[in-house]
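Q: Got a file for you: protein-v5.pdb, PDB, C-alpha atoms.
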ATOM      1  CA  MET A   1      24.112   6.786  26.829
ATOM      2  CA  ARG A   2      22.482   8.195  23.704
ATOM      3  CA  LYS A   3      19.657   5.672  23.976
ATOM      4  CA  PHE A   4      19.025   6.737  27.544
ATOM      5  CA  ALA A   5      18.889  10.414  26.546
ATOM      6  CA  ALA A   6      16.525   9.614  23.661
ATOM      7  CA  ALA A   7      14.276   7.600  25.991
ATOM      8  CA  VAL A   8      14.131  10.457  28.508
ATOM      9  CA  LEU A   9      13.296  12.956  25.740
ATOM     10  CA  CYS A  10      10.507  10.723  24.396
ATOM     11  CA  LEU A  11       9.053  10.231  27.869
ATOM     12  CA  LEU A  12       9.098  13.981  28.490
ATOM     13  CA  PHE A  13       7.365  14.591  25.168
ATOM     14  CA  GLY A  14       4.795  11.907  25.968
ATOM     15  CA  ALA A  15       4.134  13.501  29.353
ATOM     16  CA  ALA A  16       3.699  16.899  27.686
ATOM     17  CA  LEU A  17       1.211  15.394  25.219
ATOM     18  CA  ALA A  18      -0.748  13.739  28.036
ATOM     19  CA  TRP A  19      -0.877  17.019  29.971
ATOM     20  CA  ALA A  20      -2.049  18.887  26.867
ATOM     21  CA  LEU A  21      -4.764  16.295  26.304
ATOM     22  CA  LEU A  22      -6.001  16.533  29.876
ATOM     23  CA  GLU A  23      -5.960  20.322  29.911
ATOM     24  CA  SER A  24      -7.657  20.835  26.526
ATOM     25  CA  PRO A  25     -10.866  22.905  26.573
ATOM     26  CA  PRO A  26     -14.200  21.135  26.014
ATOM     27  CA  PRO A  27     -15.289  20.983  22.353
ATOM     28  CA  VAL A  28     -17.573  23.757  21.164
ATOM     29  CA  GLN A  29     -19.836  21.574  19.037
ATOM     30  CA  HIS A  30     -20.632  17.948  19.690
ATOM     31  CA  LEU A  31     -19.754  16.229  16.418
ATOM     32  CA  PRO A  32     -21.109  12.701  17.127
ATOM     33  CA  ASP A  33     -24.611  14.155  17.528
ATOM     34  CA  LYS A  34     -24.322  15.950  14.201
ATOM     35  CA  VAL A  35     -23.098  12.808  12.442
ATOM     36  CA  LEU A  36     -25.945  10.738  13.870
ATOM     37  CA  ALA A  37     -28.457  13.397  12.865
ATOM     38  CA  ALA A  38     -27.221  13.354   9.257
ATOM     39  CA  LEU A  39     -26.831   9.566   9.092
ATOM     40  CA  PRO A  40     -30.109   8.784   7.241
ATOM     41  CA  GLN A  41     -28.962  10.961   4.327
ATOM     42  CA  SER A  42     -25.606   9.278   3.975
ATOM     43  CA  GLY A  43     -26.719   5.936   2.521
ATOM     44  CA  VAL A  44     -25.110   3.700   5.170
ATOM     45  CA  GLU A  45     -26.032   2.886   8.741
ATOM     46  CA  HIS A  46     -22.653   2.997  10.476
ATOM     47  CA  PRO A  47     -21.383   6.466  11.482
ATOM     48  CA  VAL A  48     -17.688   5.698  10.875
ATOM     49  CA  THR A  49     -18.310   4.463   7.332
ATOM     50  CA  ALA A  50     -20.615   7.423   6.677
ATOM     51  CA  VAL A  51     -17.897   9.847   7.742
ATOM     52  CA  LEU A  52     -15.147   8.022   5.820
ATOM     53  CA  LEU A  53     -17.013   7.537   2.569
ATOM     54  CA  ASN A  54     -19.575  10.302   2.443
ATOM     55  CA  PHE A  55     -19.055  13.264   4.742
ATOM     56  CA  ARG A  56     -15.245  13.249   4.539
ATOM     57  CA  SER A  57     -14.832  11.233   1.368
ATOM     58  CA  TYR A  58     -12.248  13.708   0.083
ATOM     59  CA  ASP A  59      -9.824  12.443   2.736
ATOM     60  CA  THR A  60     -10.360   8.826   1.684
ATOM     61  CA  LEU A  61      -9.865   9.775  -1.964
ATOM     62  CA  LEU A  62      -6.516  11.347  -1.131
ATOM     63  CA  GLU A  63      -5.563   8.360   1.030
ATOM     64  CA  ILE A  64      -6.048   5.925  -1.826
ATOM     65  CA  ALA A  65      -4.139   8.276  -4.131
ATOM     66  CA  VAL A  66      -1.204   8.224  -1.704
ATOM     67  CA  LEU A  67      -1.332   4.412  -1.613
ATOM     68  CA  VAL A  68      -1.226   4.220  -5.420
ATOM     69  CA  VAL A  69       1.756   6.592  -5.554
ATOM     70  CA  ALA A  70       3.523   4.559  -2.851
ATOM     71  CA  VAL A  71       3.105   1.292  -4.723
ATOM     72  CA  VAL A  72       4.257   2.869  -7.991
ATOM     73  CA  VAL A  73       7.410   4.139  -6.283
ATOM     74  CA  GLY A  74       7.919   0.793  -4.537
ATOM     75  CA  MET A  75       7.615  -1.185  -7.744
ATOM     76  CA  ALA A  76       9.881   1.255  -9.565
ATOM     77  CA  LEU A  77      12.682   0.470  -7.126
ATOM     78  CA  LYS A  78      12.836  -3.246  -7.848
ATOM     79  CA  HIS A  79      15.636  -4.767  -9.886
ATOM     80  CA  ALA A  80      15.117  -4.884 -13.614
ATOM     81  CA  ASP A  81      15.282  -8.671 -14.012
ATOM     82  CA  TYR A  82      12.997  -9.491 -11.108
ATOM     83  CA  ASP A  83       9.732 -11.173 -12.001
ATOM     84  CA  PRO A  84       7.267 -10.081  -9.322
ATOM     85  CA  TRP A  85       4.928 -13.006  -9.672
ATOM     86  CA  GLN A  86       7.419 -15.819  -9.609
ATOM     87  CA  SER A  87       7.694 -16.981  -6.053
ATOM     88  CA  HIS A  88       9.949 -19.626  -4.558
ATOM     89  CA  GLY A  89       7.840 -20.775  -1.664
ATOM     90  CA  LEU A  90       8.660 -22.655   1.486
ATOM     91  CA  ASN A  91       8.473 -26.425   1.232
ATOM     92  CA  ASN A  92       6.269 -26.755   4.274
ATOM     93  CA  ALA A  93       3.545 -29.416   4.217
ATOM     94  CA  LEU A  94       1.858 -28.080   7.349
ATOM     95  CA  LEU A  95       1.510 -24.619   5.853
ATOM     96  CA  SER A  96       0.128 -25.967   2.585
ATOM     97  CA  ARG A  97      -2.460 -28.079   4.339
ATOM     98  CA  LEU A  98      -3.410 -25.253   6.664
ATOM     99  CA  LEU A  99      -3.855 -22.861   3.772
ATOM    100  CA  GLN A 100      -6.241 -25.241   2.049
ATOM    101  CA  TRP A 101      -8.560 -24.528   4.957
ATOM    102  CA  LEU A 102      -7.596 -20.937   5.623
ATOM    103  CA  VAL A 103      -7.708 -19.342   2.161
ATOM    104  CA  PRO A 104     -11.462 -19.851   1.510
ATOM    105  CA  LEU A 105     -12.210 -18.661   5.040
ATOM    106  CA  MET A 106     -10.020 -15.581   4.634
ATOM    107  CA  LEU A 107     -11.654 -14.692   1.338
ATOM    108  CA  MET A 108     -15.050 -14.989   2.972
ATOM    109  CA  VAL A 109     -13.908 -12.847   5.908
ATOM    110  CA  ALA A 110     -12.641 -10.191   3.481
ATOM    111  CA  ALA A 111     -15.948 -10.128   1.601
ATOM    112  CA  TYR A 112     -17.880 -10.027   4.883
ATOM    113  CA  LEU A 113     -15.791  -7.167   6.258
ATOM    114  CA  LEU A 114     -16.422  -5.242   3.046
ATOM    115  CA  TRP A 115     -20.179  -5.801   3.228
ATOM    116  CA  VAL A 116     -20.673  -5.282   6.961
ATOM    117  CA  GLY A 117     -18.956  -1.882   6.848
ATOM    118  CA  SER A 118     -22.322  -0.352   6.092
ATOM    119  CA  TYR A 119     -23.828  -1.603   9.343
ATOM    120  CA  ARG A 120     -20.996  -2.320  11.799
ATOM    121  CA  PRO A 121     -17.236  -1.836  12.123
ATOM    122  CA  GLY A 122     -15.569  -2.977   8.941
ATOM    123  CA  GLY A 123     -15.235  -1.420   5.535
ATOM    124  CA  ALA A 124     -12.978  -1.350   2.527
ATOM    125  CA  PHE A 125      -9.594  -0.895   4.228
ATOM    126  CA  GLN A 126     -10.121  -3.755   6.628
ATOM    127  CA  GLY A 127     -11.386  -6.108   3.900
ATOM    128  CA  GLY A 128      -8.516  -5.105   1.634
ATOM    129  CA  ALA A 129      -5.983  -5.816   4.381
ATOM    130  CA  VAL A 130      -7.363  -9.343   4.889
ATOM    131  CA  LEU A 131      -7.253  -9.849   1.122
ATOM    132  CA  ALA A 132      -3.614  -8.775   1.089
ATOM    133  CA  ALA A 133      -2.859 -11.156   3.954
ATOM    134  CA  THR A 134      -4.382 -14.004   1.914
ATOM    135  CA  GLY A 135      -2.167 -13.096  -1.032
ATOM    136  CA  VAL A 136       0.923 -12.926   1.191
ATOM    137  CA  MET A 137       0.265 -16.370   2.673
ATOM    138  CA  LEU A 138      -0.300 -17.818  -0.795
ATOM    139  CA  ARG A 139       3.035 -16.394  -1.892
ATOM    140  CA  LEU A 140       4.704 -18.002   1.098
ATOM    141  CA  VAL A 141       3.763 -21.465  -0.139
ATOM    142  CA  GLY A 142       4.790 -20.642  -3.675
ATOM    143  CA  VAL A 143       1.440 -20.037  -5.323
ATOM    144  CA  SER A 144       1.710 -17.103  -7.670
ATOM    145  CA  LEU A 145      -1.429 -15.328  -8.733
ATOM    146  CA  PRO A 146      -2.661 -15.766 -12.286
ATOM    147  CA  GLY A 147      -2.874 -12.870 -14.687
ATOM    148  CA  SER A 148      -0.398 -10.795 -16.588
ATOM    149  CA  LEU A 149       1.351  -7.618 -15.532
ATOM    150  CA  TRP A 150      -1.341  -5.522 -17.191
ATOM    151  CA  VAL A 151      -4.060  -7.139 -15.085
ATOM    152  CA  LEU A 152      -2.019  -6.243 -12.007
ATOM    153  CA  ARG A 153      -1.615  -2.647 -13.146
ATOM    154  CA  ILE A 154      -5.311  -2.241 -13.873
ATOM    155  CA  GLY A 155      -6.202  -3.741 -10.512
ATOM    156  CA  LEU A 156      -3.849  -1.417  -8.665
ATOM    157  CA  VAL A 157      -5.362   1.708 -10.200
ATOM    158  CA  LEU A 158      -8.992   0.557 -10.383
ATOM    159  CA  GLY A 159     -10.059   1.654  -6.892
ATOM    160  CA  PHE A 160      -8.723   5.168  -7.272
ATOM    161  CA  ALA A 161     -10.029   5.474 -10.829
ATOM    162  CA  VAL A 162     -13.570   4.417  -9.896
ATOM    163  CA  PHE A 163     -13.584   6.671  -6.833
ATOM    164  CA  LEU A 164     -12.425   9.632  -8.911
ATOM    165  CA  ALA A 165     -14.904   8.836 -11.682
ATOM    166  CA  VAL A 166     -17.816   8.733  -9.228
ATOM    167  CA  ALA A 167     -16.595  11.894  -7.519
ATOM    168  CA  ALA A 168     -16.368  13.796 -10.786
ATOM    169  CA  SER A 169     -19.461  12.379 -12.500
ATOM    170  CA  VAL A 170     -21.794  13.687  -9.798
ATOM    171  CA  MET A 171     -20.814  17.119 -11.056
ATOM    172  CA  LEU A 172     -22.759  16.368 -14.267
ATOM    173  CA  GLY A 173     -25.966  16.833 -12.311
ATOM    174  CA  GLY A 174     -24.861  20.248 -11.152
ATOM    175  CA  ARG A 175     -23.751  19.075  -7.692
ATOM    176  CA  PRO A 176     -20.441  19.971  -6.117
ATOM    177  CA  PHE A 177     -17.497  17.551  -6.243
ATOM    178  CA  LEU A 178     -18.093  14.318  -4.265
ATOM    179  CA  THR A 179     -21.716  15.056  -3.307
ATOM    180  CA  TYR A 180     -23.566  11.849  -4.082
ATOM    181  CA  PRO A 181     -27.248  12.028  -5.082
ATOM    182  CA  GLU A 182     -29.174  10.920  -2.032
ATOM    183  CA  ALA A 183     -31.166   8.120  -3.620
ATOM    184  CA  LEU A 184     -28.025   6.496  -5.043
ATOM    185  CA  ALA A 185     -25.671   7.201  -2.118
ATOM    186  CA  GLY A 186     -25.754   3.680  -0.663
ATOM    187  CA  ASN A 187     -25.142   1.956  -4.004
ATOM    188  CA  LEU A 188     -22.388   4.371  -4.994
ATOM    189  CA  ILE A 189     -20.658   3.814  -1.681
ATOM    190  CA  LEU A 190     -20.859   0.053  -2.181
ATOM    191  CA  LEU A 191     -19.433   0.317  -5.697
ATOM    192  CA  ILE A 192     -16.576   2.494  -4.453
ATOM    193  CA  GLU A 193     -15.901   0.138  -1.558
ATOM    194  CA  VAL A 194     -15.776  -2.998  -3.725
ATOM    195  CA  THR A 195     -13.186  -1.556  -6.080
ATOM    196  CA  LEU A 196     -11.306  -0.009  -3.157
ATOM    197  CA  THR A 197     -11.072  -3.388  -1.423
ATOM    198  CA  LEU A 198      -9.667  -5.061  -4.521
ATOM    199  CA  SER A 199      -7.184  -2.264  -5.092
ATOM    200  CA  ILE A 200      -6.031  -2.048  -1.492
ATOM    201  CA  GLY A 201      -5.511  -5.810  -1.363
ATOM    202  CA  LEU A 202      -3.421  -5.719  -4.546
ATOM    203  CA  ILE A 203      -1.491  -2.620  -3.408
ATOM    204  CA  LEU A 204      -0.505  -4.103  -0.071
ATOM    205  CA  LEU A 205       0.331  -7.439  -1.703
ATOM    206  CA  SER A 206       2.479  -5.702  -4.309
ATOM    207  CA  LEU A 207       4.327  -3.755  -1.639
ATOM    208  CA  PHE A 208       5.272  -7.095  -0.154
ATOM    209  CA  ALA A 209       5.793  -9.116  -3.315
ATOM    210  CA  ALA A 210       7.020  -6.792  -6.004
ATOM    211  CA  ALA A 211       9.015  -4.268  -4.033
ATOM    212  CA  PRO A 212      11.850  -5.934  -2.131
ATOM    213  CA  ALA A 213      15.303  -6.796  -3.383
ATOM    214  CA  PRO A 214      15.388 -10.279  -4.896
ATOM    215  CA  VAL A 215      17.034 -13.313  -3.316
ATOM    216  CA  PRO A 216      20.392 -14.016  -5.022
ATOM    217  CA  ARG A 217      20.175 -16.729  -7.644
ATOM    218  CA  GLN A 218      22.523 -19.195  -5.961
ATOM    219  CA  GLN A 219      20.335 -19.093  -2.890
ATOM    220  CA  ARG A 220      17.151 -19.492  -4.861
ATOM    221  CA  ALA A 221      18.342 -22.865  -6.184
ATOM    222  CA  SER A 222      18.542 -24.258  -2.670
ATOM    223  CA  ASP A 223      14.792 -23.867  -2.121
ATOM    224  CA  SER A 224      12.264 -26.182  -3.648
ATOM    225  CA  ALA A 225      11.591 -25.872  -7.350
ATOM    226  CA  PRO A 226       9.636 -22.681  -8.022
ATOM    227  CA  ALA A 227       6.000 -23.558  -8.003
ATOM    228  CA  GLY A 228       4.784 -20.288  -9.507
ATOM    229  CA  GLU A 229       3.857 -20.216 -13.147
ATOM    230  CA  ARG A 230       2.393 -17.453 -15.236
TER     231      ARG A 230
ATOM    232  CA  MET B   1     -12.862   1.054  35.392
ATOM    233  CA  THR B   2     -11.891  -2.466  34.472
ATOM    234  CA  TRP B   3      -8.464  -1.942  35.952
ATOM    235  CA  TRP B   4      -7.661  -5.647  36.031
ATOM    236  CA  LEU B   5      -7.644  -5.551  32.193
ATOM    237  CA  GLU B   6      -6.294  -2.087  31.521
ATOM    238  CA  ILE B   7      -3.341  -1.971  33.918
ATOM    239  CA  PRO B   8      -1.784  -5.219  32.620
ATOM    240  CA  LEU B   9      -2.462  -4.051  29.050
ATOM    241  CA  LEU B  10      -0.646  -0.785  29.732
ATOM    242  CA  LEU B  11       2.292  -2.566  31.346
ATOM    243  CA  ALA B  12       2.457  -5.019  28.455
ATOM    244  CA  LEU B  13       2.407  -2.139  25.951
ATOM    245  CA  TRP B  14       5.349  -0.489  27.686
ATOM    246  CA  GLY B  15       7.153  -3.813  28.055
ATOM    247  CA  THR B  16       6.877  -4.857  24.413
ATOM    248  CA  ALA B  17       7.779  -1.354  23.215
ATOM    249  CA  ALA B  18      10.897  -1.308  25.388
ATOM    250  CA  ALA B  19      11.820  -4.825  24.257
ATOM    251  CA  ALA B  20      11.317  -3.938  20.589
ATOM    252  CA  LEU B  21      13.489  -0.858  20.869
ATOM    253  CA  GLY B  22      16.149  -2.228  23.147
ATOM    254  CA  SER B  23      16.884  -5.732  21.937
ATOM    255  CA  GLN B  24      20.130  -6.416  20.118
ATOM    256  CA  ASN B  25      18.732  -9.244  18.019
ATOM    257  CA  LEU B  26      16.836  -7.738  15.059
ATOM    258  CA  PHE B  27      14.545 -10.746  14.657
ATOM    259  CA  ARG B  28      13.505 -10.547  18.287
ATOM    260  CA  ALA B  29      12.855  -6.809  17.893
ATOM    261  CA  VAL B  30      10.517  -7.432  14.945
ATOM    262  CA  VAL B  31       8.645 -10.166  16.825
ATOM    263  CA  MET B  32       8.197  -7.778  19.760
ATOM    264  CA  PHE B  33       6.949  -5.131  17.321
ATOM    265  CA  ILE B  34       4.289  -7.518  16.007
ATOM    266  CA  ALA B  35       3.224  -8.325  19.583
ATOM    267  CA  PHE B  36       3.097  -4.589  20.308
ATOM    268  CA  GLY B  37       0.861  -4.077  17.283
ATOM    269  CA  LEU B  38      -1.606  -6.693  18.530
ATOM    270  CA  LEU B  39      -1.679  -5.121  21.996
ATOM    271  CA  VAL B  40      -2.295  -1.695  20.447
ATOM    272  CA  ALA B  41      -5.244  -3.248  18.585
ATOM    273  CA  LEU B  42      -6.589  -4.371  21.983
ATOM    274  CA  ALA B  43      -6.085  -0.828  23.279
ATOM    275  CA  TRP B  44      -8.107   0.552  20.376
ATOM    276  CA  VAL B  45     -10.939  -1.825  21.291
ATOM    277  CA  ARG B  46     -10.817  -0.558  24.876
ATOM    278  CA  LEU B  47     -10.994   3.009  23.514
ATOM    279  CA  GLU B  48     -14.193   2.029  21.627
ATOM    280  CA  ALA B  49     -12.723   2.305  18.106
ATOM    281  CA  PRO B  50     -13.230  -1.171  16.604
ATOM    282  CA  ASP B  51     -12.594  -0.021  13.030
ATOM    283  CA  LEU B  52      -9.161   1.196  14.068
ATOM    284  CA  ALA B  53      -8.542  -2.073  15.916
ATOM    285  CA  LEU B  54      -9.280  -4.115  12.781
ATOM    286  CA  ALA B  55      -7.055  -1.935  10.624
ATOM    287  CA  GLU B  56      -4.245  -1.912  13.207
ATOM    288  CA  ALA B  57      -4.234  -5.685  13.624
ATOM    289  CA  ALA B  58      -4.248  -6.325   9.893
ATOM    290  CA  ILE B  59      -1.961  -3.614   8.565
ATOM    291  CA  GLY B  60       0.083  -2.417  11.530
ATOM    292  CA  ALA B  61       0.869  -5.766  13.091
ATOM    293  CA  GLY B  62       0.381  -8.049  10.121
ATOM    294  CA  LEU B  63       1.651  -6.435   6.972
ATOM    295  CA  THR B  64       4.263  -4.143   8.518
ATOM    296  CA  GLY B  65       5.557  -7.049  10.564
ATOM    297  CA  VAL B  66       5.942  -9.161   7.428
ATOM    298  CA  LEU B  67       7.734  -6.338   5.615
ATOM    299  CA  LEU B  68      10.094  -5.862   8.571
ATOM    300  CA  LEU B  69      10.845  -9.591   8.707
ATOM    301  CA  ASP B  70      11.631  -9.452   4.994
ATOM    302  CA  ALA B  71      14.009  -6.559   5.636
ATOM    303  CA  VAL B  72      15.731  -8.438   8.475
ATOM    304  CA  GLY B  73      16.232 -11.421   6.182
ATOM    305  CA  HIS B  74      17.825  -9.297   3.479
ATOM    306  CA  LEU B  75      20.040  -7.537   6.016
ATOM    307  CA  ARG B  76      21.240 -10.885   7.262
ATOM    308  CA  GLN B  77      22.043 -11.996   3.742
ATOM    309  CA  ARG B  78      23.984  -8.851   3.006
ATOM    310  CA  ARG B  79      25.960  -9.188   6.194
ATOM    311  CA  GLY B  80      26.600 -12.919   5.910
ATOM    312  CA  GLY B  81      26.952 -13.323   2.165
TER     313      GLY B  81
END
Please, can you express the file's structure as structure tokens?

A:
Amino acid sequence: MRKFAAAVLCLLFGAALAWALLESPPPVQHLPDKVLAALPQSGVEHPVTAVLLNFRSYDTLLEIAVLVVAVVVGMALKHADYDPWQSHGLNNALLSRLLQWLVPLMLMVAAYLLWVGSYRPGGAFQGGAVLAATGVMLRLVGVSLPGSLWVLRIGLVLGFAVFLAVAASVMLGGRPFLTYPEALAGNLILLIEVTLTLSIGLILLSLFAAAPAPVPRQQRASDSAPAGER
Amino acid sequence: MTWWLEIPLLLALWGTAAAALGSQNLFRAVVMFIAFGLLVALAWVRLEAPDLALAEAAIGAGLTGVLLLDAVGHLRQRRGG
């Protein structure tokens, strides 16, 4: 009965939203034209990337800050004796063989998505998500990533740190916060995007790998021998 | 315009959403959620937002689905063990 009432309420709210959308007044200024007019000054050739990383880069800076805070909170909630990089993978031959083909392809797709964001749909978030997916699949077969905890910490914070450093260092030339110099805009955006991709991949992977409650020890022994080594 | 693509997509969106919310089996609900995420990515493509479609397929369907499956596994352990 309660589910039915909740469903009716949600449908009514959805209908109200649809009516509001249909009845909204036409926009006063046509933003896509303005974005396309300012596109040559932004350093990239794709309007979405230009808006995300140049015109409204403040929003992206805050987004990556929220992601860093989320992963810090997530990792703080794990049990004290849980080693985040030791994984007890599935003993699945098909998955291992498949990943021997898939992992190089996925890494290439991640790099391509990062690069093509300047010209076509793509960008740092999409490349970082594919990178995280690669890390998740590697964890599923028991491959733990090399590097110590400090390398992980630096990688998690690197994207936000570089973004903030670029945003603040442009003020040395007397420009306002986050206003890139026009000649360097494309290269600065690429630098920010590379570090953002690495950080987002590590953040999403850590939310999966380092955050959940651990498997109880007596159940861990029933899997194959842990293949992860530091 | 291309109603033969959009009407089935809309029906499938409603169907998977209802199945994800209404199923008693948690594992089946998560699988329906992942399918819903992929269909929403298709809807974003139809709405001419390919960046959103890429992000939705990777993060919304992929990573959130994996996290939810993890949660279902731990819930099952708590309940059974």

Q: Please report as a Markdown table every residue of chain B lying within 12 Å of chain A, along with the nearest atom pair and their distance in Å (one decimal), using only C-alpha atoms.

A:
| residue | atom | partner | partner_atom | distance |
| --- | --- | --- | --- | --- |
| B:Trp14 | CA | A:Leu11 | CA | 11.3 |
| B:Ala17 | CA | A:Ala7 | CA | 11.4 |
| B:Ala18 | CA | A:Ala7 | CA | 9.5 |
| B:Leu21 | CA | A:Lys3 | CA | 9.5 |
| B:Gly22 | CA | A:Lys3 | CA | 8.7 |
| B:Ser23 | CA | A:Lys3 | CA | 11.9 |
| B:Val45 | CA | A:Pro121 | CA | 11.1 |
| B:Glu48 | CA | A:Pro121 | CA | 10.7 |
| B:Ala49 | CA | A:Pro121 | CA | 8.6 |
| B:Pro50 | CA | A:Pro121 | CA | 6.0 |
| B:Asp51 | CA | A:Pro121 | CA | 5.1 |
| B:Leu52 | CA | A:Pro121 | CA | 8.8 |
| B:Ala53 | CA | A:Pro121 | CA | 9.5 |
| B:Leu54 | CA | A:Gln126 | CA | 6.2 |
| B:Ala55 | CA | A:Gln126 | CA | 5.4 |
| B:Glu56 | CA | A:Gln126 | CA | 9.0 |
| B:Ala57 | CA | A:Gln126 | CA | 9.3 |
| B:Ala58 | CA | A:Ala129 | CA | 5.8 |
| B:Ile59 | CA | A:Ala129 | CA | 6.2 |
| B:Gly60 | CA | A:Ala129 | CA | 10.0 |
| B:Ala61 | CA | A:Ala129 | CA | 11.1 |
| B:Gly62 | CA | A:Ala133 | CA | 7.6 |
| B:Leu63 | CA | A:Ala133 | CA | 7.2 |
| B:Thr64 | CA | A:Phe208 | CA | 9.2 |
| B:Gly65 | CA | A:Phe208 | CA | 10.7 |
| B:Val66 | CA | A:Phe208 | CA | 7.9 |
| B:Leu67 | CA | A:Phe208 | CA | 6.3 |
| B:Leu68 | CA | A:Phe208 | CA | 10.0 |
| B:Leu69 | CA | A:Phe208 | CA | 10.8 |
| B:Asp70 | CA | A:Pro212 | CA | 7.9 |
| B:Ala71 | CA | A:Pro212 | CA | 8.1 |
| B:Val72 | CA | A:Pro212 | CA | 11.6 |
| B:Gly73 | CA | A:Val215 | CA | 9.7 |
| B:His74 | CA | A:Ala213 | CA | 7.7 |
| B:Leu75 | CA | A:Ala213 | CA | 10.6 |
| B:Arg76 | CA | A:Val215 | CA | 11.6 |
| B:Gln77 | CA | A:Val215 | CA | 8.8 |
| B:Arg78 | CA | A:Pro216 | CA | 10.2 |
| B:Gly81 | CA | A:Pro216 | CA | 9.8 |

Q: Using Å and a single decimal, report how far atom CA of Asp59 of chain A sits from atom CA of Leu77 of chain A.

A: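 If I compute the distance from atom CA of Leu77 of chain A to atom CA of Asp59 of chain A, I get 27.3 Å.
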
Q: List as a list in words: which residues have an atom within 12 Å of (-15.4, 11.0, 6.5), counting all atoms listed in the file?

A: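 All residues meeting the 12 Å criterion around (-15.4, 11.0, 6.5) are Val35, Leu39, Ser42, His46, Pro47, Val48, Thr49, Ala50, Val51, Leu52, Leu53, Asn54, Phe55, Arg56, Ser57, Tyr58, Asp59, Thr60, Leu61, Leu62, Glu63 and Leu178 of chain A.
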
Q: Report, in Å to a single decimal, how far apart atom CA of Leu190 of chain A and atom CA of Trp115 of chain A are.

A: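 Going from atom CA of Trp115 of chain A over to atom CA of Leu190 of chain A, I get 8.0 Å.
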
Q: Return as a ChimeraX atom specification the set of residues that the PyMOL selection byres ((chain A and resi 43) around 9) yields on the displayed structure.

A: /A:39-42,44-45,50,54,118,182-189

Q: Could you tell me how far atom CA of Phe27 of chain B sits from atom CA of Asn92 of chain A, in Å to one decimal place?

A: 20.8 Å

Q: If the PyMOL selection byres ((chain A and resi 158) around 12) were run on this exact file, what residues would it hold? Put them as a PyMOL selection string.

A: chain A and resi 64-65+68+150-157+159-165+191-203

Q: Quick one: of A:Val116, A:Val141, A:Ala111, A:Val71, who's nearest to Leu94 of chain A, counting only C-alpha atoms?

A: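 Residue with the minimum atom-to-atom distance to Leu94 of chain A: A:Val141.
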
Q: Apply the PyMOL selection byres ((chain B and resi 30-37) around 6) to the structure shown and report the selected residues as an NGL selection string.

A: :B and (16 or 20 or 27-29 or 38-40 or 61 or 65)

Q: Find the residues around Leu102 of chain A up to 12 Å (all atoms listed in the file counted), leave out those fewer than 3 positions away in its own chain, and share them as a PDB file with C-alpha atoms, keeping the file's coordinate frame.

A:
ATOM      1  CA  LEU A  94       1.858 -28.080   7.349  1.00  0.00           C
ATOM      2  CA  LEU A  95       1.510 -24.619   5.853  1.00  0.00           C
ATOM      3  CA  SER A  96       0.128 -25.967   2.585  1.00  0.00           C
ATOM      4  CA  ARG A  97      -2.460 -28.079   4.339  1.00  0.00           C
ATOM      5  CA  LEU A  98      -3.410 -25.253   6.664  1.00  0.00           C
ATOM      6  CA  LEU A  99      -3.855 -22.861   3.772  1.00  0.00           C
ATOM      7  CA  LEU A 105     -12.210 -18.661   5.040  1.00  0.00           C
ATOM      8  CA  MET A 106     -10.020 -15.581   4.634  1.00  0.00           C
ATOM      9  CA  LEU A 107     -11.654 -14.692   1.338  1.00  0.00           C
ATOM     10  CA  MET A 108     -15.050 -14.989   2.972  1.00  0.00           C
ATOM     11  CA  VAL A 109     -13.908 -12.847   5.908  1.00  0.00           C
ATOM     12  CA  VAL A 130      -7.363  -9.343   4.889  1.00  0.00           C
ATOM     13  CA  LEU A 131      -7.253  -9.849   1.122  1.00  0.00           C
ATOM     14  CA  ALA A 133      -2.859 -11.156   3.954  1.00  0.00           C
ATOM     15  CA  THR A 134      -4.382 -14.004   1.914  1.00  0.00           C
ATOM     16  CA  GLY A 135      -2.167 -13.096  -1.032  1.00  0.00           C
ATOM     17  CA  MET A 137       0.265 -16.370   2.673  1.00  0.00           C
ATOM     18  CA  LEU A 138      -0.300 -17.818  -0.795  1.00  0.00           C
TER      19      LEU A 138
END

Q: Generate N, CA and C atoms for segment 52-59 of chain B and emit them as a CSV table (one decimal), keeping the file's coordinate frame.

A:
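Output file selection17.csv follows:
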chain,number,residue,atom,x,y,z
B,52,LEU,N,-10.6,1.0,13.9
B,52,LEU,CA,-9.2,1.2,14.1
B,52,LEU,C,-8.5,-0.1,14.5
B,53,ALA,N,-9.2,-0.8,15.4
B,53,ALA,CA,-8.5,-2.1,15.9
B,53,ALA,C,-8.4,-3.1,14.8
B,54,LEU,N,-9.4,-3.2,13.9
B,54,LEU,CA,-9.3,-4.1,12.8
B,54,LEU,C,-8.1,-3.7,11.9
B,55,ALA,N,-8.1,-2.4,11.5
B,55,ALA,CA,-7.1,-1.9,10.6
B,55,ALA,C,-5.7,-2.1,11.3
B,56,GLU,N,-5.5,-1.8,12.5
B,56,GLU,CA,-4.2,-1.9,13.2
B,56,GLU,C,-3.8,-3.3,13.2
B,57,ALA,N,-4.7,-4.3,13.6
B,57,ALA,CA,-4.2,-5.7,13.6
B,57,ALA,C,-3.8,-6.2,12.2
B,58,ALA,N,-4.6,-5.8,11.2
B,58,ALA,CA,-4.2,-6.3,9.9
B,58,ALA,C,-3.0,-5.6,9.3
B,59,ILE,N,-3.0,-4.3,9.3
B,59,ILE,CA,-2.0,-3.6,8.6
B,59,ILE,C,-0.8,-3.3,9.5
